[in-house]
Structures are given as C-alpha cells and as structure tokens.
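Raw contents of coords.pdb, PDB, C-alpha atoms:
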```pdb
ATOM      1  CA  MET A 380     113.084  81.188  82.722
ATOM      2  CA  ASP A 381     110.748  84.024  83.697
ATOM      3  CA  LEU A 382     112.631  87.323  83.451
ATOM      4  CA  THR A 383     109.570  89.570  83.276
ATOM      5  CA  THR A 384     109.481  92.669  85.433
ATOM      6  CA  LYS A 385     107.338  95.755  85.896
ATOM      7  CA  TYR A 386     108.830  99.223  85.526
ATOM      8  CA  LEU A 387     106.917 102.520  85.712
ATOM      9  CA  GLY A 388     103.745 100.507  85.378
ATOM     10  CA  LEU A 389     105.005  98.941  82.126
ATOM     11  CA  ASP A 390     105.231  95.162  81.737
ATOM     12  CA  LEU A 391     108.710  94.337  80.432
ATOM     13  CA  LYS A 392     110.026  91.005  79.158
ATOM     14  CA  ASN A 393     113.307  91.392  81.069
ATOM     15  CA  PRO A 394     115.141  93.984  83.216
ATOM     16  CA  LEU A 395     117.583  95.298  80.576
ATOM     17  CA  VAL A 396     116.754  98.843  79.434
ATOM     18  CA  PRO A 397     119.269 100.873  77.381
ATOM     19  CA  SER A 398     119.460 104.352  78.881
ATOM     20  CA  ALA A 399     119.653 107.741  77.191
ATOM     21  CA  SER A 400     122.455 107.719  74.626
ATOM     22  CA  PRO A 401     123.158 108.609  70.974
ATOM     23  CA  LEU A 402     122.111 105.062  70.015
ATOM     24  CA  SER A 403     118.447 106.050  70.241
ATOM     25  CA  LYS A 404     118.942 108.724  67.578
ATOM     26  CA  SER A 405     118.996 105.927  64.998
ATOM     27  CA  VAL A 406     115.961 103.771  64.326
ATOM     28  CA  ASP A 407     118.222 101.032  62.945
ATOM     29  CA  GLN A 408     120.430 100.958  66.050
ATOM     30  CA  SER A 409     117.390 101.033  68.306
ATOM     31  CA  LYS A 410     115.963  98.091  66.392
ATOM     32  CA  GLN A 411     119.245  96.237  66.887
ATOM     33  CA  LEU A 412     118.952  96.835  70.638
ATOM     34  CA  GLU A 413     115.433  95.414  70.614
ATOM     35  CA  ASP A 414     116.540  92.379  68.582
ATOM     36  CA  ALA A 415     119.408  91.787  71.043
ATOM     37  CA  GLY A 416     116.964  91.630  73.941
ATOM     38  CA  ALA A 417     116.311  95.169  75.205
ATOM     39  CA  SER A 418     112.905  95.286  76.898
ATOM     40  CA  ALA A 419     112.438  99.067  76.535
ATOM     41  CA  ILE A 420     114.546 102.018  75.428
ATOM     42  CA  ILE A 421     115.136 105.455  76.907
ATOM     43  CA  MET A 422     115.727 108.127  74.279
ATOM     44  CA  TYR A 423     118.516 110.687  74.387
ATOM     45  CA  SER A 424     117.442 113.837  76.232
ATOM     46  CA  LEU A 425     115.525 116.728  74.737
ATOM     47  CA  PHE A 426     117.181 119.892  76.079
ATOM     48  CA  GLU A 427     115.066 123.034  76.366
ATOM     49  CA  GLU A 428     118.228 125.164  76.305
ATOM     50  CA  ALA A 429     119.195 123.731  72.906
ATOM     51  CA  ILE A 430     115.716 124.430  71.531
ATOM     52  CA  THR A 431     115.857 128.032  72.782
ATOM     53  CA  ALA A 432     119.318 128.540  71.273
ATOM     54  CA  ASP A 433     118.149 127.185  67.903
ATOM     55  CA  ALA A 434     115.122 129.467  67.940
ATOM     56  CA  GLU A 435     117.252 132.521  68.742
ATOM     57  CA  THR A 436     119.700 131.660  65.964
ATOM     58  CA  MET A 437     116.848 131.257  63.480
ATOM     59  CA  ASN A 438     115.333 134.545  64.574
ATOM     60  CA  ARG A 439     118.611 136.388  64.027
ATOM     61  CA  PHE A 440     119.082 134.740  60.634
ATOM     62  CA  LEU A 441     115.622 135.552  59.298
ATOM     63  CA  ASN A 442     114.690 138.784  61.003
ATOM     64  CA  HIS A 443     117.778 140.628  62.162
ATOM     65  CA  GLN A 444     120.259 140.687  59.311
ATOM     66  CA  ASP A 445     121.174 143.359  56.814
ATOM     67  CA  THR A 446     120.928 141.866  53.315
ATOM     68  CA  GLY A 447     122.417 144.970  51.672
ATOM     69  CA  PHE A 448     119.545 145.105  49.207
ATOM     70  CA  ALA A 449     116.876 147.258  50.797
ATOM     71  CA  GLU A 450     114.839 147.481  47.600
ATOM     72  CA  ILE A 451     114.452 143.701  47.551
ATOM     73  CA  GLY A 452     113.394 143.532  51.189
ATOM     74  CA  GLU A 453     112.838 140.083  52.661
ATOM     75  CA  SER A 454     111.949 138.341  49.410
ATOM     76  CA  ILE A 455     115.404 136.760  49.131
ATOM     77  CA  LEU A 456     115.156 135.227  52.583
ATOM     78  CA  PRO A 457     113.840 131.672  52.948
ATOM     79  CA  ASP A 458     110.455 131.022  54.493
ATOM     80  CA  TRP A 459     110.848 130.130  58.187
ATOM     81  CA  GLN A 460     108.288 127.343  57.661
ATOM     82  CA  ASP A 461     110.857 125.537  55.502
ATOM     83  CA  PHE A 462     112.971 124.895  58.582
ATOM     84  CA  SER A 463     112.519 122.272  61.267
ATOM     85  CA  THR A 464     112.688 124.151  64.542
ATOM     86  CA  GLY A 465     112.031 123.577  68.221
ATOM     87  CA  ALA A 466     111.370 120.065  69.445
ATOM     88  CA  GLU A 467     110.063 118.733  66.137
ATOM     89  CA  PRO A 468     113.173 116.708  65.137
ATOM     90  CA  TYR A 469     113.065 114.936  68.504
ATOM     91  CA  LEU A 470     109.327 114.338  68.216
ATOM     92  CA  GLU A 471     109.756 112.950  64.696
ATOM     93  CA  ASN A 472     112.393 110.533  65.961
ATOM     94  CA  LEU A 473     110.113 109.506  68.836
ATOM     95  CA  ARG A 474     107.260 108.784  66.410
ATOM     96  CA  ALA A 475     109.615 106.807  64.170
ATOM     97  CA  LEU A 476     110.833 104.700  67.106
ATOM     98  CA  LYS A 477     107.270 104.031  68.227
ATOM     99  CA  GLU A 478     106.377 102.846  64.746
ATOM    100  CA  ALA A 479     109.457 100.657  64.312
ATOM    101  CA  LEU A 480     109.740  99.067  67.776
ATOM    102  CA  ASP A 481     107.501  96.693  69.685
ATOM    103  CA  ILE A 482     109.020  97.634  73.050
ATOM    104  CA  PRO A 483     108.129 100.719  75.131
ATOM    105  CA  VAL A 484     109.872 103.978  74.262
ATOM    106  CA  ILE A 485     110.619 106.292  77.195
ATOM    107  CA  ALA A 486     111.333 109.940  76.355
ATOM    108  CA  SER A 487     113.883 111.977  78.296
ATOM    109  CA  LEU A 488     113.492 115.682  79.031
ATOM    110  CA  ASN A 489     115.788 118.342  80.459
ATOM    111  CA  GLY A 490     113.934 121.591  80.984
ATOM    112  CA  VAL A 491     114.905 125.007  82.287
ATOM    113  CA  THR A 492     111.695 126.957  82.791
ATOM    114  CA  PRO A 493     108.409 125.750  84.344
ATOM    115  CA  SER A 494     106.595 126.439  81.068
ATOM    116  CA  GLY A 495     109.269 124.562  79.133
ATOM    117  CA  TRP A 496     108.941 121.443  81.277
ATOM    118  CA  VAL A 497     105.166 121.444  80.814
ATOM    119  CA  GLU A 498     105.075 122.343  77.119
ATOM    120  CA  HIS A 499     107.632 119.776  76.051
ATOM    121  CA  GLY A 500     106.288 117.147  78.440
ATOM    122  CA  ARG A 501     102.891 117.425  76.781
ATOM    123  CA  GLU A 502     104.456 117.273  73.312
ATOM    124  CA  LEU A 503     106.306 114.083  74.196
ATOM    125  CA  GLN A 504     103.152 112.485  75.543
ATOM    126  CA  GLU A 505     101.187 113.440  72.435
ATOM    127  CA  ALA A 506     103.945 112.019  70.211
ATOM    128  CA  GLY A 507     103.429 108.612  71.824
ATOM    129  CA  ALA A 508     106.016 108.289  74.610
ATOM    130  CA  ASP A 509     105.135 105.413  76.939
ATOM    131  CA  ALA A 510     106.740 107.216  79.888
ATOM    132  CA  LEU A 511     108.854 110.279  80.583
ATOM    133  CA  GLU A 512     112.214 110.426  82.352
ATOM    134  CA  LEU A 513     113.075 113.784  83.896
ATOM    135  CA  ASN A 514     116.777 114.455  83.489
ATOM    136  CA  VAL A 515     116.967 117.302  86.015
ATOM    137  CA  TYR A 516     120.530 118.320  85.293
ATOM    138  CA  TYR A 517     121.033 120.994  87.945
ATOM    139  CA  VAL A 518     124.303 121.957  89.594
ATOM    140  CA  ALA A 519     123.732 123.947  92.799
ATOM    141  CA  ALA A 520     126.584 126.408  92.254
ATOM    142  CA  ASP A 521     124.964 129.229  94.242
ATOM    143  CA  ILE A 522     126.612 128.954  97.679
ATOM    144  CA  ASP A 523     123.799 130.985  99.265
ATOM    145  CA  GLN A 524     121.193 128.458  98.161
ATOM    146  CA  THR A 525     120.165 125.959 100.826
ATOM    147  CA  GLY A 526     119.697 122.248 100.279
ATOM    148  CA  ASN A 527     115.984 122.621 100.967
ATOM    149  CA  VAL A 528     115.645 125.101  98.088
ATOM    150  CA  VAL A 529     117.430 122.698  95.745
ATOM    151  CA  GLU A 530     115.237 119.783  96.774
ATOM    152  CA  GLU A 531     112.063 121.826  96.388
ATOM    153  CA  ARG A 532     113.122 122.718  92.839
ATOM    154  CA  TYR A 533     113.074 119.030  91.913
ATOM    155  CA  LEU A 534     109.781 118.411  93.677
ATOM    156  CA  GLU A 535     108.049 121.411  92.087
ATOM    157  CA  ILE A 536     109.073 120.282  88.605
ATOM    158  CA  LEU A 537     107.659 116.854  89.355
ATOM    159  CA  ARG A 538     104.379 118.181  90.790
ATOM    160  CA  THR A 539     103.872 120.551  87.868
ATOM    161  CA  LEU A 540     104.396 117.841  85.266
ATOM    162  CA  LYS A 541     102.341 115.295  87.180
ATOM    163  CA  ASN A 542      99.404 117.710  86.961
ATOM    164  CA  SER A 543      99.972 118.248  83.242
ATOM    165  CA  ILE A 544     100.543 114.792  81.742
ATOM    166  CA  SER A 545      99.178 111.320  82.394
ATOM    167  CA  ILE A 546     102.052 109.040  81.337
ATOM    168  CA  PRO A 547     104.370 107.611  84.052
ATOM    169  CA  ILE A 548     107.201 109.868  85.235
ATOM    170  CA  ASN A 549     110.651 108.673  86.231
ATOM    171  CA  MET A 550     113.049 110.927  88.142
ATOM    172  CA  LYS A 551     116.726 110.542  87.282
ATOM    173  CA  LEU A 552     118.567 111.593  90.436
ATOM    174  CA  SER A 553     122.094 112.566  91.322
ATOM    175  CA  PRO A 554     123.828 111.065  94.386
ATOM    176  CA  THR A 555     124.512 114.480  95.913
ATOM    177  CA  PHE A 556     121.399 114.908  98.073
ATOM    178  CA  SER A 557     122.189 114.959 101.785
ATOM    179  CA  SER A 558     119.403 112.439 102.517
ATOM    180  CA  ILE A 559     118.776 110.367  99.416
ATOM    181  CA  GLY A 560     116.248 108.060 101.029
ATOM    182  CA  ASN A 561     114.112 110.929 102.315
ATOM    183  CA  MET A 562     114.292 112.703  98.954
ATOM    184  CA  VAL A 563     113.126 109.593  97.133
ATOM    185  CA  GLN A 564     110.305 109.176  99.639
ATOM    186  CA  ARG A 565     109.179 112.773  99.056
ATOM    187  CA  MET A 566     109.303 112.276  95.304
ATOM    188  CA  ALA A 567     107.108 109.216  95.584
ATOM    189  CA  ALA A 568     104.637 111.263  97.637
ATOM    190  CA  ALA A 569     104.721 113.969  94.950
ATOM    191  CA  GLY A 570     103.730 111.447  92.288
ATOM    192  CA  ALA A 571     106.930 109.946  90.895
ATOM    193  CA  ASP A 572     106.359 106.510  89.379
ATOM    194  CA  GLY A 573     110.022 105.595  89.606
ATOM    195  CA  VAL A 574     113.568 106.798  90.225
ATOM    196  CA  ALA A 575     116.803 106.069  88.378
ATOM    197  CA  LEU A 576     119.920 105.977  90.560
ATOM    198  CA  PHE A 577     122.239 107.670  89.666
ATOM    199  CA  ASN A 578     122.724 110.393  87.056
ATOM    200  CA  ARG A 579     126.306 110.985  85.920
ATOM    201  CA  PHE A 580     126.894 114.714  85.511
ATOM    202  CA  TYR A 581     129.267 116.161  82.946
ATOM    203  CA  GLN A 582     132.527 117.091  84.659
ATOM    204  CA  PRO A 583     134.665 119.870  83.128
ATOM    205  CA  ASP A 584     138.437 119.460  83.027
ATOM    206  CA  ILE A 585     141.317 121.948  82.930
ATOM    207  CA  ASN A 586     143.808 122.063  80.099
ATOM    208  CA  ILE A 587     147.098 122.914  81.823
ATOM    209  CA  ASP A 588     148.686 124.035  78.515
ATOM    210  CA  SER A 589     146.010 126.470  77.379
ATOM    211  CA  LEU A 590     144.974 127.272  80.973
ATOM    212  CA  ARG A 591     141.347 126.909  79.981
ATOM    213  CA  LEU A 592     138.420 124.691  80.838
ATOM    214  CA  GLN A 593     137.797 121.915  78.358
ATOM    215  CA  PRO A 594     135.039 119.341  77.857
ATOM    216  CA  SER A 595     135.661 115.956  79.434
ATOM    217  CA  LEU A 596     133.637 112.794  79.010
ATOM    218  CA  HIS A 597     134.701 109.511  80.580
ATOM    219  CA  PRO A 598     132.813 106.204  80.216
ATOM    220  CA  SER A 599     131.618 104.642  83.428
ATOM    221  CA  THR A 600     133.259 101.655  85.121
ATOM    222  CA  SER A 601     131.724  98.726  86.967
ATOM    223  CA  ALA A 602     132.897 100.168  90.288
ATOM    224  CA  GLU A 603     130.471 103.079  89.876
ATOM    225  CA  ALA A 604     127.505 100.705  90.061
ATOM    226  CA  LEU A 605     128.263 100.027  93.724
ATOM    227  CA  LEU A 606     126.834 103.391  94.767
ATOM    228  CA  ALA A 607     123.498 102.659  93.110
ATOM    229  CA  MET A 608     123.585  99.138  94.532
ATOM    230  CA  ARG A 609     123.881 100.453  98.093
ATOM    231  CA  TRP A 610     120.961 102.879  97.805
ATOM    232  CA  ILE A 611     118.683 100.527  95.917
ATOM    233  CA  ALA A 612     119.323  97.945  98.640
ATOM    234  CA  ILE A 613     118.375 100.528 101.280
ATOM    235  CA  LEU A 614     115.234 101.653  99.416
ATOM    236  CA  TYR A 615     113.964  98.250  98.308
ATOM    237  CA  GLY A 616     110.635  97.336  99.885
ATOM    238  CA  ARG A 617     110.319 100.598 101.797
ATOM    239  CA  ILE A 618     108.313 102.740  99.366
ATOM    240  CA  ASP A 619     105.162 101.286  97.838
ATOM    241  CA  ASN A 620     104.503 101.455  94.086
ATOM    242  CA  LEU A 621     107.851 103.056  93.223
ATOM    243  CA  SER A 622     110.043 101.524  90.523
ATOM    244  CA  LEU A 623     113.782 101.359  91.161
ATOM    245  CA  GLY A 624     116.109 101.655  88.196
ATOM    246  CA  ALA A 625     119.891 101.289  88.427
ATOM    247  CA  THR A 626     121.952 103.388  86.050
ATOM    248  CA  GLY A 627     125.679 103.984  85.724
ATOM    249  CA  GLY A 628     128.404 101.366  85.736
ATOM    250  CA  ILE A 629     126.480  98.301  84.516
ATOM    251  CA  HIS A 630     128.869  96.680  82.047
ATOM    252  CA  THR A 631     128.572  92.939  82.638
ATOM    253  CA  ALA A 632     126.063  90.290  83.645
ATOM    254  CA  ASP A 633     127.662  90.216  87.105
ATOM    255  CA  ASP A 634     127.027  93.955  87.506
ATOM    256  CA  ALA A 635     123.382  93.526  86.522
ATOM    257  CA  ILE A 636     122.888  90.516  88.812
ATOM    258  CA  LYS A 637     124.214  92.386  91.858
ATOM    259  CA  LEU A 638     121.804  95.268  91.289
ATOM    260  CA  LEU A 639     118.880  92.890  90.827
ATOM    261  CA  LEU A 640     119.803  91.130  94.056
ATOM    262  CA  ALA A 641     119.820  94.536  95.742
ATOM    263  CA  GLY A 642     116.261  95.149  94.524
ATOM    264  CA  ALA A 643     116.401  96.946  91.170
ATOM    265  CA  ASP A 644     113.395  96.507  88.883
ATOM    266  CA  VAL A 645     115.553  97.266  85.832
ATOM    267  CA  VAL A 646     119.170  98.010  85.038
ATOM    268  CA  HIS A 647     120.082 100.675  82.503
ATOM    269  CA  LEU A 648     122.864 100.082  79.992
ATOM    270  CA  CYS A 649     124.854 102.814  78.276
ATOM    271  CA  SER A 650     128.676 102.883  78.221
ATOM    272  CA  THR A 651     128.928  99.151  77.625
ATOM    273  CA  LEU A 652     126.656  99.451  74.577
ATOM    274  CA  LEU A 653     128.623 102.377  73.180
ATOM    275  CA  LYS A 654     131.815 100.346  73.599
ATOM    276  CA  HIS A 655     130.669  96.894  72.489
ATOM    277  CA  GLY A 656     127.567  97.562  70.400
ATOM    278  CA  ALA A 657     123.929  96.543  70.675
ATOM    279  CA  GLY A 658     124.832  92.853  70.875
ATOM    280  CA  GLN A 659     126.175  93.403  74.400
ATOM    281  CA  THR A 660     122.558  93.456  75.560
ATOM    282  CA  GLY A 661     122.200  89.831  74.523
ATOM    283  CA  VAL A 662     125.514  88.883  76.135
ATOM    284  CA  ILE A 663     124.410  90.324  79.485
ATOM    285  CA  LEU A 664     120.966  88.754  79.187
ATOM    286  CA  LYS A 665     122.440  85.309  78.556
ATOM    287  CA  GLY A 666     124.795  85.771  81.491
ATOM    288  CA  ILE A 667     121.858  86.520  83.802
ATOM    289  CA  GLU A 668     119.923  83.502  82.529
ATOM    290  CA  GLN A 669     122.903  81.179  82.991
ATOM    291  CA  TRP A 670     123.519  82.422  86.526
ATOM    292  CA  MET A 671     119.852  81.988  87.453
ATOM    293  CA  GLU A 672     119.900  78.444  86.075
ATOM    294  CA  ASP A 673     123.078  77.615  87.991
ATOM    295  CA  GLN A 674     121.587  79.040  91.207
ATOM    296  CA  GLY A 675     118.238  77.314  90.722
ATOM    297  CA  PHE A 676     116.142  80.479  90.294
ATOM    298  CA  GLU A 677     113.125  80.185  88.018
ATOM    299  CA  SER A 678     111.987  83.793  87.924
ATOM    300  CA  LEU A 679     113.328  87.272  88.406
ATOM    301  CA  GLU A 680     111.024  87.768  91.373
ATOM    302  CA  ASP A 681     112.961  85.012  93.157
ATOM    303  CA  VAL A 682     116.098  87.102  92.707
ATOM    304  CA  ARG A 683     115.051  90.695  93.312
ATOM    305  CA  GLY A 684     115.892  92.053  96.730
ATOM    306  CA  ARG A 685     117.355  88.855  98.179
ATOM    307  CA  VAL A 686     120.404  90.788  99.367
ATOM    308  CA  SER A 687     118.665  94.085 100.081
ATOM    309  CA  ALA A 688     119.126  96.044 103.296
ATOM    310  CA  LEU A 689     115.977  94.359 104.604
ATOM    311  CA  ALA A 690     118.139  91.277 105.087
ATOM    312  CA  VAL A 691     120.569  93.225 107.292
ATOM    313  CA  PRO A 692     119.294  94.295 110.769
ATOM    314  CA  ASN A 693     121.330  97.519 110.835
ATOM    315  CA  PRO A 694     122.743  98.470 107.394
ATOM    316  CA  ALA A 695     124.782 101.416 108.728
ATOM    317  CA  GLU A 696     126.390  99.316 111.450
ATOM    318  CA  PHE A 697     127.083  96.552 108.935
ATOM    319  CA  GLU A 698     128.819  99.014 106.596
ATOM    320  CA  ARG A 699     130.927 100.550 109.382
ATOM    321  CA  ALA A 700     132.110  97.173 110.598
ATOM    322  CA  ASN A 701     133.061  96.036 107.123
ATOM    323  CA  TYR A 702     134.737  99.354 106.323
ATOM    324  CA  VAL A 703     137.027  98.881 109.328
ATOM    325  CA  ASN A 704     137.792  95.300 108.289
ATOM    326  CA  ILE A 705     138.642  96.360 104.733
ATOM    327  CA  ILE A 706     140.907  99.193 105.862
ATOM    328  CA  ASP A 707     142.668  96.914 108.367
ATOM    329  CA  SER A 708     143.341  94.279 105.733
ATOM    330  CA  TYR A 709     144.499  96.668 103.027
ATOM    331  CA  SER A 710     148.235  96.866 102.350
ATOM    332  CA  PHE A 711     149.432 100.445 101.972
ATOM    333  CA  ALA A 712     152.810 101.636 100.766
ATOM    334  CA  PRO A 713     155.360 102.367 103.522
ATOM    335  CA  GLY A 714     154.818 105.779 105.071
ATOM    336  CA  VAL A 715     151.205 106.117 103.899
ATOM    337  CA  MET A 716     148.895 107.332 106.637
ATOM    338  CA  VAL A 717     145.177 106.558 106.597
TER     339      VAL A 717
END
```
Any chance you could give the structure as structure tokens?
Amino acid sequence: MDLTTKYLGLDLKNPLVPSASPLSKSVDQSKQLEDAGASAIIMYSLFEEAITADAETMNRFLNHQDTGFAEIGESILPDWQDFSTGAEPYLENLRALKEALDIPVIASLNGVTPSGWVEHGRELQEAGADALELNVYYVAADIDQTGNVVEERYLEILRTLKNSISIPINMKLSPTFSSIGNMVQRMAAAGADGVALFNRFYQPDINIDSLRLQPSLHPSTSAEALLAMRWIAILYGRIDNLSLGATGGIHTADDAIKLLLAGADVVHLCSTLLKHGAGQTGVILKGIEQWMEDQGFESLEDVRGRVSALAVPNPAEFERANYVNIIDSYSFAPGVMV
C-alpha cells in the first residue's frame, strides 16, 4: 500500500501529521508519535508576545529593583547570562527534536511585529526547521478596520518572511475570511507553499457567578472537520503547487479518509492525540489502510480528490439543493419555526 504524499515540498511516508500541541514539547512523546506512524510533526507555537513579556520581566528583575543595600550595588544580583531568555528554549527543543527524529520537524511561529516575524523566522530556520507554519492569530476587533486591511496584514507577513527565509512556509488560516478561495489564491501568489484549513481560535467564556471573563478550551469534534472538507474540496486542483492541509476535527480514520477524498495532502491530528495518546496515530493509519484495501485502492494518489468539487458541476447549487432536502427531512419539535 503506497501512502506516500508530498507536503510543502517534503516527501512524507503517509498523510498523518500531528499538529501544534504540547506533545511536541517532549522529545520522548514526539518519538512515540513517530514510532506510531506520524510522517512529520508540527511543533507548538513560538509566541513573540511571550518572549517580549519574559524579557521585560527579566529586565525589571535585574535592572529595576531596589535591593536595599546600596553599598553592595549589583554584586548580589545574578548574571543575566545565567538565564535562558528569548526564543532559546524553543530553539533548543527544535534542535533536540531534529536530532532524535527521522521525520521532518515543522516549526510554528506567532509573531506580533514585522521585525519579530523575520528575526524568529530566521532563528527557526537556522536551528534546523524543515518548514515553518505561520500561526497568524489575529482577531479583527477594530470595527473601523476593513476586510481588505486584515487580508493585507496576512499577505504582508507572508511576503516579508518569504524574502527573509528559504524553507517552505505554510499559512494556518481561520475560516472567517469573506472569500476564502480568493484569499488562498492570493497567498499562493505571494509565495505560500501550503495552507492549513482551519485554525481554531481561543474563545473566551463568561463566568456568570463572578461576572468575569474566564479562559475556555474545548477539544474539537469530528463535525468540525466538515468545514475544512468543504473548502479543501473547492480548492483542490485549482491552485498549482500549493499543499492543502486539513486541521481541526480529525479524530478517526473515517474523518481522515473524507478529507483525503476531498483533496487534502495531509491531515493534522491534535485533540484525538491529547485524548487517546500517540498510539491513536497508528489506529487511524491502520483504518485508512484497511479502507483502501477494501475499496481496491493501491495508492493515496488514487484516493486524493476523488470527491472534490471538480467532480460536481456547480458546487454552490449542489449545496443549496442538498441543504433544502436536509431541512425538509429534519424532524423539529412542535412549534419550532425554521
């Protein structure tokens, strides 16, 4: 069974790629993922904001405190060189993963400033990253900001990094763009080697007892993969030399198979690994192999894109017709209006 695929210009042994998660903070857990069948691994994100906060805290600790012993001066304070600051812990982990694993290691970066994107992008390349995923976590909360301004922000980050590093760049996108297909097309023109659809943003919650905002993190469900499946099916075969990665909601072999049929080059795994452990990679891989054998497919290329939008004359019309059929056949409670 030939499960090989190409992603971001990298030759992978199969389409299963664990996405950014705490699992990649451990070399041992990353090795377990590789042993279970992972063909590459995406590291947890390096956040420029966290690096800046650490640097400011260190600066206050070493340079802006009153020791109470003026005659001693700074001699009682530790040497700043004794501390690991900035991006170095992340870079050390990246180097350790590269040394321990035989599969590609893809770094993940969330920047804030243009200089931060470039500086840290170069550091990650120099540390040995095989590719770089841009986790552009940006919430357009300014109601005076137009969609065009938001889109240009993404594109400018991409162009700047593309001119600064040589490793492949993957854009991790949210589903909130007004024209996803056009945005992906513009990113490809700006130099993106691939896109991952879709990013799951942190959603704050409200504590009704304390009347305050509180952190909220919910694992994905298989139903969430349907959104990525739709857009990958629409994009498949329409943009040359652009890798399509599906992320969010892939929990089972069935989920992965559907996204491959839609046209995904790889599927990213996260919540299912956090819930079931690294061995879930092998379970999903075996499920894909068994399905391919049952269906008579000999290679992944026989599978990819077989149910993409290219097989449907008018995808929008097809969706509208089926939406009406689903609504008509759905049983609602008495008195419910749709």
inquiry  = Could you tell me, as a VMD selection string, exactly which residues end up selected when the PyMOL selection byres ((chain A and resi 419-427) around 9) is applied to this structure?
reply    = chain A and resid 391 to 404 409 412 to 413 417 to 418 428 to 432 465 to 466 469 473 481 to 492 495 to 496 499 511 to 514 647
Notebook entry, point to check: Could you spell out the hits of the PyMOL selection byres ((chain A and resi 635) around 10) on the shown file, as a ChimeraX atom specification?
Noted result: /A:394-395,601,604,608,625-626,628-634,636-641,643,645-648,663-664,666-667
Find the distance between CA of Thr384 in chain A and CA of Glu668 in chain A and write it in Å to one decimal.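 Calculated distance between CA of Thr384 in chain A and CA of Glu668 in chain A is 14.2 Å.
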One number please: CA of Asp521 in chain A to CA of Tyr533 in chain A, in Å, one decimal.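 According to the coordinates, CA of Asp521 in chain A and CA of Tyr533 in chain A are separated by 15.8 Å.
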> Can you list what the PyMOL selection byres ((chain A and resi 505) around 12) grabs from this structure, as a ChimeraX atom specification?
Replying inline: /A:470-471,473-474,477,486,498-504,506-511,543-546
ask   = Taking (126.1, 103.9, 79.9) in the file's coordinates as the center, which residues reach within 6 Å of it, counting all atoms listed in the file, put as a PyMOL selection string?
value = chain A and resi 627+648-651
Set the distance at 7 Å and use only C-alpha atoms: which residues neighbour Ser678 in chain A once local chain neighbours fewer than 5 positions away are removed? I'd like the list as an MDAnalysis selection string.
chainID A and resid 380:382
Output C-alpha atoms for every residue in the selection just made, as a PDB file, in the coordinates of the input.
```pdb
ATOM      1  CA  MET A 380     113.084  81.188  82.722  1.00  0.00           C
ATOM      2  CA  ASP A 381     110.748  84.024  83.697  1.00  0.00           C
ATOM      3  CA  LEU A 382     112.631  87.323  83.451  1.00  0.00           C
TER       4      LEU A 382
END
```
*What separation in Å, quoted to one decimal, exists between CA of Leu623 in chain A and CA of Glu530 in chain A?*
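CA of Leu623 in chain A sits 19.3 Å away from CA of Glu530 in chain A.
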